[in-house]
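Peer 1: Handing over start.cif, mmCIF, C-alpha atoms.
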```cif
data_input
#
loop_
_atom_site.group_PDB
_atom_site.id
_atom_site.type_symbol
_atom_site.label_atom_id
_atom_site.label_comp_id
_atom_site.auth_asym_id
_atom_site.auth_seq_id
_atom_site.Cartn_x
_atom_site.Cartn_y
_atom_site.Cartn_z
ATOM 1 C CA MET T 69 167.330 103.513 59.268
ATOM 2 C CA SER T 70 169.034 106.800 58.480
ATOM 3 C CA THR T 71 167.682 109.391 56.055
ATOM 4 C CA ILE T 72 169.912 110.171 53.094
ATOM 5 C CA PHE T 73 169.951 113.830 52.135
ATOM 6 C CA ASP T 74 170.928 115.263 48.754
ATOM 7 C CA LEU T 75 173.008 118.094 50.227
ATOM 8 C CA GLU T 76 173.811 119.623 46.852
ATOM 9 C CA GLU T 77 170.107 119.980 46.066
ATOM 10 C CA ILE T 78 169.325 121.259 49.561
ATOM 11 C CA GLU T 79 172.108 123.856 49.283
ATOM 12 C CA LYS T 80 170.566 125.082 46.014
ATOM 13 C CA LYS T 81 167.247 125.552 47.834
ATOM 14 C CA VAL T 82 168.945 127.447 50.670
ATOM 15 C CA ILE T 83 170.706 129.749 48.183
ATOM 16 C CA GLU T 84 167.449 130.320 46.308
ATOM 17 C CA ASN T 85 165.836 131.409 49.590
ATOM 18 C CA LEU T 86 168.810 133.555 50.631
ATOM 19 C CA LYS T 87 168.459 135.439 47.351
ATOM 20 C CA LYS T 88 165.072 136.658 48.640
ATOM 21 C CA VAL T 89 166.705 138.524 51.554
ATOM 22 C CA TYR T 90 167.668 142.140 50.902
ATOM 23 C CA ASP T 91 169.485 144.726 52.938
ATOM 24 C CA PRO T 92 166.892 147.550 52.918
ATOM 25 C CA GLU T 93 169.538 150.143 51.979
ATOM 26 C CA ILE T 94 171.099 148.207 49.084
ATOM 27 C CA PRO T 95 169.197 147.113 45.956
ATOM 28 C CA SER T 96 170.700 143.616 45.832
ATOM 29 C CA ASN T 97 170.156 140.404 47.765
ATOM 30 C CA ILE T 98 172.572 139.358 50.494
ATOM 31 C CA PHE T 99 173.828 136.321 48.580
ATOM 32 C CA ASP T 100 174.820 138.294 45.482
ATOM 33 C CA LEU T 101 176.301 140.992 47.703
ATOM 34 C CA GLY T 102 178.734 138.345 48.949
ATOM 35 C CA LEU T 103 177.556 138.494 52.551
ATOM 36 C CA ILE T 104 177.176 134.697 52.781
ATOM 37 C CA TYR T 105 180.601 133.195 53.399
ATOM 38 C CA ASN T 106 179.711 129.561 53.986
ATOM 39 C CA ILE T 107 176.815 127.091 54.075
ATOM 40 C CA GLU T 108 177.452 123.847 55.937
ATOM 41 C CA PHE T 109 175.295 120.888 56.817
ATOM 42 C CA GLU T 110 175.497 118.420 59.646
ATOM 43 C CA GLN T 111 173.349 115.326 59.845
ATOM 44 C CA LYS T 112 172.504 114.065 63.318
ATOM 45 C CA ASN T 113 170.483 110.866 63.144
ATOM 46 C CA ASN T 114 167.569 111.775 60.843
ATOM 47 C CA TYR T 115 167.855 115.512 61.465
ATOM 48 C CA LEU T 116 169.604 118.013 59.236
ATOM 49 C CA HIS T 117 171.243 121.104 60.687
ATOM 50 C CA CYS T 118 172.376 124.014 58.511
ATOM 51 C CA MET T 119 175.051 126.473 59.581
ATOM 52 C CA ILE T 120 175.307 129.765 57.689
ATOM 53 C CA THR T 121 178.390 131.923 58.167
ATOM 54 C CA MET T 122 177.809 135.478 57.035
ATOM 55 C CA THR T 123 178.930 139.056 57.438
ATOM 56 C CA LEU T 124 177.476 142.527 56.992
ATOM 57 C CA THR T 125 178.548 145.399 54.775
ATOM 58 C CA SER T 126 179.377 147.266 57.979
ATOM 59 C CA PRO T 127 179.798 146.194 61.626
ATOM 60 C CA THR T 128 177.466 149.076 62.542
ATOM 61 C CA CYS T 129 174.653 147.910 60.245
ATOM 62 C CA PRO T 130 171.395 149.167 61.829
ATOM 63 C CA VAL T 131 169.384 146.174 60.547
ATOM 64 C CA ALA T 132 171.826 143.449 61.602
ATOM 65 C CA ASP T 133 169.420 141.652 63.946
ATOM 66 C CA SER T 134 166.651 141.713 61.353
ATOM 67 C CA LEU T 135 168.914 140.326 58.615
ATOM 68 C CA LEU T 136 170.161 137.494 60.840
ATOM 69 C CA GLU T 137 166.581 136.537 61.717
ATOM 70 C CA GLN T 138 165.581 136.609 58.036
ATOM 71 C CA VAL T 139 168.518 134.361 57.114
ATOM 72 C CA LYS T 140 167.520 131.848 59.768
ATOM 73 C CA TYR T 141 163.852 132.028 58.730
ATOM 74 C CA VAL T 142 164.468 131.441 54.999
ATOM 75 C CA THR T 143 166.927 128.645 55.775
ATOM 76 C CA LEU T 144 164.384 126.869 57.967
ATOM 77 C CA ALA T 145 161.822 127.284 55.168
ATOM 78 C CA VAL T 146 163.671 124.533 53.274
ATOM 79 C CA ASP T 147 161.657 121.409 54.135
ATOM 80 C CA GLU T 148 164.619 119.120 54.732
ATOM 81 C CA ILE T 149 166.278 121.427 57.292
ATOM 82 C CA ASP T 150 165.345 120.865 60.927
ATOM 83 C CA GLU T 151 167.570 123.454 62.596
ATOM 84 C CA ALA T 152 169.415 126.526 61.345
ATOM 85 C CA PHE T 153 172.251 128.451 62.942
ATOM 86 C CA VAL T 154 173.589 131.781 61.702
ATOM 87 C CA LYS T 155 177.107 132.807 62.640
ATOM 88 C CA LEU T 156 178.026 136.456 62.147
ATOM 89 C CA VAL T 157 181.700 137.160 61.428
ATOM 90 C CA PHE T 158 183.682 140.215 60.403
ATOM 91 C CA SER T 159 186.819 138.462 59.270
ATOM 92 C CA PRO T 160 187.489 138.708 56.485
ATOM 93 C CA PRO T 161 185.803 142.095 56.294
ATOM 94 C CA TRP T 162 183.312 142.519 53.466
ATOM 95 C CA ASP T 163 184.257 144.684 50.515
ATOM 96 C CA PRO T 164 182.598 145.367 47.141
ATOM 97 C CA SER T 165 184.896 142.923 45.319
ATOM 98 C CA MET T 166 182.864 140.124 46.964
ATOM 99 C CA MET T 167 179.724 141.056 45.033
ATOM 100 C CA SER T 168 178.566 138.931 42.108
ATOM 101 C CA GLU T 169 178.553 140.415 38.631
ATOM 102 C CA ASP T 170 174.737 140.602 38.850
ATOM 103 C CA ALA T 171 174.963 142.668 42.049
ATOM 104 C CA ARG T 172 177.489 145.049 40.466
ATOM 105 C CA GLU T 173 175.194 145.563 37.483
ATOM 106 C CA ILE T 174 172.169 146.197 39.729
ATOM 107 C CA MET T 175 174.125 148.650 41.854
ATOM 108 C CA GLY T 176 175.382 150.489 38.772
ATOM 109 C CA ALA T 177 171.992 150.554 37.051
ATOM 110 C CA SER T 178 170.218 151.829 40.164
ATOM 111 C CA GLY T 179 172.782 154.557 40.735
ATOM 112 C CA ALA T 180 173.280 153.263 44.268
ATOM 113 C CA ALA T 181 176.349 154.434 46.076
ATOM 114 C CA MET T 182 178.757 151.751 47.160
ATOM 115 C CA PRO T 183 178.167 150.932 50.855
ATOM 116 C CA PHE T 184 181.204 152.702 52.303
#
```
Once you've parsed the file, please lay out its structure as structure tokens.

Peer 2:
Amino acid sequence: MSTIFDLEEIEKKVIENLKKVYDPEIPSNIFDLGLIYNIEFEQKNNYLHCMITMTLTSPTCPVADSLLEQVKYVTLAVDEIDEAFVKLVFSPPWDPSMMSEDAREIMGASGAAMPF
């Protein structure tokens, strides 16, 4: 008998966890910054795999490895997910227009310079 997953609910949990991951140089979480391009799920038998496609504000980001590990860790923290994969891409390149309105407000209120 195959397990039925509520992927919409699981995606909400993944997003909630991704919003806890911050680039140490920018006062906003990676989800609101627009660094997460895609969240996909694949069910294999009774196992659920999650694939996150993401980017960085810069290809030379000094904390890239740490951020990728954090993304994998918080994704696996969702009980229903058995395996997580993080794919780093630079196309399309990130730019500030990808930020949520919340991220723009936080950046403006903190006086943070735009990451360019």

Peer 1: Here is a test: counting all atoms listed in the file, which residue of T:Glu169, T:Asp100, T:Asp163, T:Glu148 is nearest to Glu84 of chain T?

Peer 2: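 Checking each candidate against Glu84 of chain T, we get T:Asp100 as the closest.
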
Peer 1: For the structure provided, state which residues fall under the PyMOL selection byres ((chain T and resi 156) around 9), and present them as a list in words.

Peer 2: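 Listing what the PyMOL selection byres ((chain T and resi 156) around 9) selects in the shown file: Ile120, Thr121, Met122, Thr123, Leu124, Leu136, Val154, Lys155, Val157 and Phe158 of chain T.
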
Peer 1: On this structure, which residues satisfy the PyMOL selection byres ((chain T and resi 171) around 9), written as a VMD selection string?

Peer 2: chain T and resid 95 to 97 100 to 102 167 to 170 172 to 176

Peer 1: Using the chain letters and numbers from this file, what does the PyMOL selection byres ((chain T and resi 149) around 12) select? Give the answer as a PDB file with C-alpha atoms, in the coordinates of the input.

Peer 2:
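Okay, this is what ended up in part_36.pdb:
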```pdb
ATOM      1  CA  PHE T  73     169.951 113.830  52.135  1.00  0.00           C
ATOM      2  CA  ASP T  74     170.928 115.263  48.754  1.00  0.00           C
ATOM      3  CA  LEU T  75     173.008 118.094  50.227  1.00  0.00           C
ATOM      4  CA  GLU T  77     170.107 119.980  46.066  1.00  0.00           C
ATOM      5  CA  ILE T  78     169.325 121.259  49.561  1.00  0.00           C
ATOM      6  CA  GLU T  79     172.108 123.856  49.283  1.00  0.00           C
ATOM      7  CA  LYS T  81     167.247 125.552  47.834  1.00  0.00           C
ATOM      8  CA  VAL T  82     168.945 127.447  50.670  1.00  0.00           C
ATOM      9  CA  GLU T 108     177.452 123.847  55.937  1.00  0.00           C
ATOM     10  CA  PHE T 109     175.295 120.888  56.817  1.00  0.00           C
ATOM     11  CA  GLU T 110     175.497 118.420  59.646  1.00  0.00           C
ATOM     12  CA  GLN T 111     173.349 115.326  59.845  1.00  0.00           C
ATOM     13  CA  LYS T 112     172.504 114.065  63.318  1.00  0.00           C
ATOM     14  CA  ASN T 114     167.569 111.775  60.843  1.00  0.00           C
ATOM     15  CA  TYR T 115     167.855 115.512  61.465  1.00  0.00           C
ATOM     16  CA  LEU T 116     169.604 118.013  59.236  1.00  0.00           C
ATOM     17  CA  HIS T 117     171.243 121.104  60.687  1.00  0.00           C
ATOM     18  CA  CYS T 118     172.376 124.014  58.511  1.00  0.00           C
ATOM     19  CA  MET T 119     175.051 126.473  59.581  1.00  0.00           C
ATOM     20  CA  LYS T 140     167.520 131.848  59.768  1.00  0.00           C
ATOM     21  CA  TYR T 141     163.852 132.028  58.730  1.00  0.00           C
ATOM     22  CA  VAL T 142     164.468 131.441  54.999  1.00  0.00           C
ATOM     23  CA  THR T 143     166.927 128.645  55.775  1.00  0.00           C
ATOM     24  CA  LEU T 144     164.384 126.869  57.967  1.00  0.00           C
ATOM     25  CA  ALA T 145     161.822 127.284  55.168  1.00  0.00           C
ATOM     26  CA  VAL T 146     163.671 124.533  53.274  1.00  0.00           C
ATOM     27  CA  ASP T 147     161.657 121.409  54.135  1.00  0.00           C
ATOM     28  CA  GLU T 148     164.619 119.120  54.732  1.00  0.00           C
ATOM     29  CA  ASP T 150     165.345 120.865  60.927  1.00  0.00           C
ATOM     30  CA  GLU T 151     167.570 123.454  62.596  1.00  0.00           C
ATOM     31  CA  ALA T 152     169.415 126.526  61.345  1.00  0.00           C
ATOM     32  CA  PHE T 153     172.251 128.451  62.942  1.00  0.00           C
TER      33      PHE T 153
END
```

Peer 1: Figure out the distance between atom CA of Asn85 of chain T and atom CA of Ile107 of chain T, please, to one decimal in Å.

Peer 2: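 Between atom CA of Ile107 of chain T and atom CA of Asn85 of chain T the gap works out to 12.6 Å.
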
Peer 1: Could you jot down the atom CA of Ile98 of chain T to atom CA of Leu135 of chain T separation for me, Å, one decimal place?

Peer 2: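 Between atom CA of Ile98 of chain T and atom CA of Leu135 of chain T the gap is 9.0 Å.
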
Peer 1: From the list T:Tyr90, T:Glu137, T:Phe99, T:Trp162, which residue is nearest Thr125 of chain T when using all atoms listed in the file?

Peer 2: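 Looking only at the distances to Thr125 of chain T, the closest residue turns out to be T:Trp162.
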
Peer 1: If I take atom CA of Glu93 of chain T and atom CA of Met166 of chain T, how far is one from the other in Å, to one decimal?

Peer 2: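 Computed distance, atom CA of Glu93 of chain T to atom CA of Met166 of chain T, equals 17.4 Å.
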